[in-house]
Amino acid sequence: MKKNIAVIRGDGIGPEIVGEALKVLDKIAALYGHEFTFTDVDMGGCAIDRFGDPLPQAELDKCLASDSVLLGAVGGPKWNDVPGPMRPEKGLLRLRADMGVYSNNRPAKIWPQLADASPLKPSIVAQGIDFIIVRELIGGIYFGAHNTITKDGRLLAIDELTYSESEIERIGRIGFETAQKRSKRLCSVEKSNVLDSSRLWKKVMHRLAAEYPDVELSDMLVDNCAMQIVKNPSQFDVIVTENMFGDILSDEASMITGSIGMIPSSSLGASSCGLYEPIHGSAPDIAGQDIANPIGTILSAAMMLRYSFDMAAEADCIESAVSAVLDEGYRTGDILSGDPACIQVGCTEMGRLIIEKMKRE
Ligand code: IPM
Ligand code: MG
């Protein structure tokens, strides 16, 4: 198969981790006879430096013309003082919105090899951590009107939060469908004791539930959910929630698995063209040192193969290789535990080890 992949290396550790993921994709192409072409796209701080815009139209168009987009990470302290609408993150939000990728899928799964990297008690980890957060990605407070005005001589900042019935319904359906493919338990997370948008959210979820009688729907307030994720994570299978709650809960969920550096994500909309990115940031403090963990990005590339290109065997090949390398005790600094049998490696070496393990089944 021929696929054109738009590649956003971005800022900080982005170029290093994406570099390893591209080598992995090249190996897949060689093993399975595919042809992947990579189109470089500038987005984020590097695009601000080059074009004065975090995502110029021409760069965005390359993404829209691709079969899918692979992204490293954007942002960094260098651009902290850039005004709001020109921040590196704005490029990412524009990309998500213009690609129409409303459904963000963030797995929180503990790798058995890394169980002792979890900050939770072993007795809690032993119950199992394997759930998915389905996060609404192009609505809510992220995309409402933002404004700072002067009122009575003092500054007043306004961020608007809206959700329409149809926006809730389309992500709700993804939640139910995701649950149908797993343990058939869906937890809808909102703040319906305070917010109108959450009351509508809950109402729509319960209306949809009638169409998915095989799925058991439960409701949870977001503050309670934050607590339950650390208290008893094994209760969760699929969580569906709005944009900002999903942003916060997915960081928490990734942390209990031991390393945010391991977690990939997919963002999909109406078409098969998706956006794939690790959920961690650009980690400017360790950029350029060849010590970042490329696994989150490599697993994001595997998700692209599975969900956008229908290449399940190829995705399995990557995931098995990652598991085999972890089995042998190789670790980047972020997932290194005190175990003397573990061997610390850098970003390039981790990529090389994974590629070495990749075999066509
Ligand atoms: C994420 C990030 C982004 C978000 C930022 C960089 C805009 O935190 O993907 O979770 O808030 O969505
Ligand atoms: Mg986030």
# chains A, B, ... in the order shown; residues from 1 in each chain; ligands from 1
>>> select_by_dssp(residues="region 52-178 of chain A", states="helix (DSSP H, G or I)", output="MDAnalysis selection string")
chainID A and resid 57:64 77:79 84:86 88:99 112:117 122:125 140:142 165:178
>>> residues_around(residues="region 324-338 of chain A", least_positions_apart="4", cutoff="9 Å", atoms="only C-alpha atoms", output="ChimeraX atom specification")
/A:111,113-114,116-117,258-262,291-294,319-320,342-347,350,353-354,357
>>> closest_atom_pairs(of="region 63-168 of chain A", to="region 295-299 of chain A", cutoff="12 Å", atoms="only C-alpha atoms", output="CSV")
residue,atom,partner,partner_atom,distance
A:Val69,CA,A:Thr297,CA,11.9
A:Leu70,CA,A:Thr297,CA,8.3
A:Leu71,CA,A:Thr297,CA,7.9
A:Gly72,CA,A:Thr297,CA,6.7
A:Ala73,CA,A:Thr297,CA,9.5
A:Arg106,CA,A:Gly296,CA,11.2
A:Pro107,CA,A:Leu299,CA,11.0
A:Ala108,CA,A:Gly296,CA,11.9
>>> residues_near_ligand(ligand="ligand 2", cutoff="7 Å", atoms="only C-alpha atoms and all ligand atoms", output="list in words")
Asp247, Ile248, Asp251 and Ile279 of chain A
>>> closest_residue(among="A:Ile28, A:Ala6, A:Ile138, A:Leu55", to="ligand 1", atoms="only C-alpha atoms and all ligand atoms")
A:Ile138
>>> atom_distance(atom1="CA of Tyr276 (chain A)", atom2="CA of Met303 (chain A)")
7.3 Å
>>> closest_atom_pairs(of="chain A", to="ligand 1", cutoff="8 Å", atoms="only C-alpha atoms and all ligand atoms", output="tab-separated table")
residue	atom	partner	partner_atom_place_in_ligand_line	distance
A:Ala73	CA	ligand 1	6 (C)	7.9
A:Val74	CA	ligand 1	6 (C)	6.9
A:Gly75	CA	ligand 1	6 (C)	7.3
A:Glu89	CA	ligand 1	7 (C)	4.7
A:Lys90	CA	ligand 1	7 (C)	7.0
A:Leu92	CA	ligand 1	7 (C)	6.5
A:Leu93	CA	ligand 1	7 (C)	6.4
A:Leu137	CA	ligand 1	12 (O)	7.4
A:Asn243	CA	ligand 1	12 (O)	7.6
A:Met244	CA	ligand 1	11 (O)	7.2
A:Asp247	CA	ligand 1	10 (O)	4.9
A:Ile248	CA	ligand 1	10 (O)	7.6
A:Ser250	CA	ligand 1	10 (O)	7.5
A:Asp251	CA	ligand 1	10 (O)	7.3
A:Ile279	CA	ligand 1	9 (O)	5.7
A:His280	CA	ligand 1	1 (C)	7.4
A:Gly281	CA	ligand 1	6 (C)	6.9
>>> write_last_selection(atoms="N, CA, C and O atoms", output="mmCIF file, in the first residue's frame")
data_model
loop_
_atom_site.group_PDB
_atom_site.id
_atom_site.type_symbol
_atom_site.label_atom_id
_atom_site.label_comp_id
_atom_site.auth_asym_id
_atom_site.auth_seq_id
_atom_site.Cartn_x
_atom_site.Cartn_y
_atom_site.Cartn_z
ATOM 1 N N ALA A 73 5.974 16.869 19.213
ATOM 2 C CA ALA A 73 5.449 17.733 20.276
ATOM 3 C C ALA A 73 5.767 19.177 19.923
ATOM 4 O O ALA A 73 6.749 19.437 19.206
ATOM 5 N N VAL A 74 4.961 20.099 20.402
ATOM 6 C CA VAL A 74 5.222 21.513 20.121
ATOM 7 C C VAL A 74 5.273 22.343 21.393
ATOM 8 O O VAL A 74 4.719 21.970 22.412
ATOM 9 N N GLY A 75 5.961 23.481 21.302
ATOM 10 C CA GLY A 75 6.000 24.453 22.392
ATOM 11 C C GLY A 75 7.320 24.428 23.154
ATOM 12 O O GLY A 75 8.170 23.559 22.929
ATOM 13 N N GLU A 89 0.897 26.268 20.781
ATOM 14 C CA GLU A 89 -0.257 25.387 21.021
ATOM 15 C C GLU A 89 -1.418 25.731 20.108
ATOM 16 O O GLU A 89 -2.239 24.873 19.781
ATOM 17 N N LYS A 90 -1.511 26.996 19.700
ATOM 18 C CA LYS A 90 -2.607 27.405 18.812
ATOM 19 C C LYS A 90 -2.515 26.670 17.478
ATOM 20 O O LYS A 90 -3.522 26.368 16.840
ATOM 21 N N LEU A 92 -1.455 23.634 17.073
ATOM 22 C CA LEU A 92 -1.995 22.295 17.309
ATOM 23 C C LEU A 92 -3.521 22.324 17.367
ATOM 24 O O LEU A 92 -4.203 21.470 16.775
ATOM 25 N N LEU A 93 -4.073 23.328 18.042
ATOM 26 C CA LEU A 93 -5.539 23.407 18.151
ATOM 27 C C LEU A 93 -6.153 23.653 16.774
ATOM 28 O O LEU A 93 -7.191 23.082 16.424
ATOM 29 N N LEU A 137 -12.325 16.473 21.377
ATOM 30 C CA LEU A 137 -11.083 17.226 21.116
ATOM 31 C C LEU A 137 -11.260 18.579 20.429
ATOM 32 O O LEU A 137 -10.321 19.363 20.384
ATOM 33 N N ASN A 243 -13.534 18.019 26.444
ATOM 34 C CA ASN A 243 -12.159 18.378 26.093
ATOM 35 C C ASN A 243 -11.246 18.656 27.288
ATOM 36 O O ASN A 243 -10.226 17.969 27.476
ATOM 37 N N MET A 244 -11.599 19.604 28.125
ATOM 38 C CA MET A 244 -10.648 19.967 29.178
ATOM 39 C C MET A 244 -10.569 18.914 30.280
ATOM 40 O O MET A 244 -9.478 18.644 30.783
ATOM 41 N N ASP A 247 -8.271 16.357 28.988
ATOM 42 C CA ASP A 247 -6.874 16.816 29.003
ATOM 43 C C ASP A 247 -6.260 16.515 30.367
ATOM 44 O O ASP A 247 -5.178 15.926 30.475
ATOM 45 N N ILE A 248 -6.968 16.888 31.405
ATOM 46 C CA ILE A 248 -6.434 16.761 32.769
ATOM 47 C C ILE A 248 -6.398 15.287 33.201
ATOM 48 O O ILE A 248 -5.364 14.793 33.674
ATOM 49 N N SER A 250 -6.306 12.636 31.427
ATOM 50 C CA SER A 250 -5.391 11.771 30.673
ATOM 51 C C SER A 250 -3.948 11.934 31.137
ATOM 52 O O SER A 250 -3.160 10.994 31.068
ATOM 53 N N ASP A 251 -3.592 13.107 31.623
ATOM 54 C CA ASP A 251 -2.248 13.247 32.214
ATOM 55 C C ASP A 251 -2.161 12.438 33.502
ATOM 56 O O ASP A 251 -1.168 11.751 33.759
ATOM 57 N N ILE A 279 1.352 11.515 24.097
ATOM 58 C CA ILE A 279 0.609 12.518 24.863
ATOM 59 C C ILE A 279 1.524 13.432 25.676
ATOM 60 O O ILE A 279 1.074 14.407 26.245
ATOM 61 N N HIS A 280 2.821 13.125 25.695
ATOM 62 C CA HIS A 280 3.718 14.007 26.462
ATOM 63 C C HIS A 280 4.043 15.271 25.669
ATOM 64 O O HIS A 280 3.725 15.385 24.491
ATOM 65 N N GLY A 281 4.702 16.192 26.326
ATOM 66 C CA GLY A 281 5.046 17.464 25.700
ATOM 67 C C GLY A 281 6.433 17.458 25.084
ATOM 68 O O GLY A 281 7.022 16.391 24.849
#
>>> residues_around(residues="Met205 (chain A)", least_positions_apart="3", cutoff="9 Å", atoms="only C-alpha atoms", output="PDB file with C-alpha atoms, in the first residue's frame")
ATOM      1  CA  ILE A 168     -21.863  15.492  22.463  1.00  0.00           C
ATOM      2  CA  GLU A 169     -23.688  12.861  20.469  1.00  0.00           C
ATOM      3  CA  GLY A 172     -20.747   9.782  22.856  1.00  0.00           C
ATOM      4  CA  ARG A 173     -21.182   7.281  20.034  1.00  0.00           C
ATOM      5  CA  SER A 188     -19.306   9.255  31.289  1.00  0.00           C
ATOM      6  CA  LEU A 200     -26.693  18.340  28.568  1.00  0.00           C
ATOM      7  CA  TRP A 201     -23.752  15.937  28.243  1.00  0.00           C
ATOM      8  CA  LYS A 202     -25.310  13.550  30.756  1.00  0.00           C
ATOM      9  CA  LEU A 208     -27.743   7.224  23.442  1.00  0.00           C
ATOM     10  CA  ALA A 209     -27.536   4.402  25.978  1.00  0.00           C
ATOM     11  CA  LEU A 217     -23.274   3.215  31.211  1.00  0.00           C
TER      12      LEU A 217
END
>>> closest_residue(among="A:Lys62, A:Lys23, A:His34, A:Lys121", to="Phe309 (chain A)", atoms="only C-alpha atoms")
A:His34
>>> closest_residue(among="A:Pro15, A:Ala302, A:Thr257, A:Ser166", to="Val204 (chain A)", atoms="only C-alpha atoms")
A:Ser166
>>> select_by_dssp(residues="region 55-280 of chain A", states="strand (DSSP E or B)", output="PyMOL selection string")
chain A and resi 68-73+103-109+130-136+146-151+154-159+185-190+216-221+238-241+266-268+275-276
>>> atom_distance(atom1="CA of Leu31 (chain A)", atom2="CA of Thr348 (chain A)")
20.5 Å
>>> residues_around(residues="Asn232 (chain A)", least_positions_apart="3", cutoff="12 Å", atoms="only C-alpha atoms", output="ChimeraX atom specification")
/A:120-121,123-131,224-229,235-237,253,256
>>> atom_distance(atom1="CA of Met1 (chain A)", atom2="CA of Ala97 (chain A)")
27.9 Å
>>> residues_around(residues="region 139-155 of chain A", least_positions_apart="3", cutoff="10 Å", atoms="only C-alpha atoms", output="ChimeraX atom specification")
/A:84-85,90,93-94,97,102,136,158-164,167-168,197,242-245
>>> closest_residue(among="A:Ile355, A:Leu275, A:Ala29, A:Ala179", to="Cys63 (chain A)", atoms="only C-alpha atoms")
A:Leu275
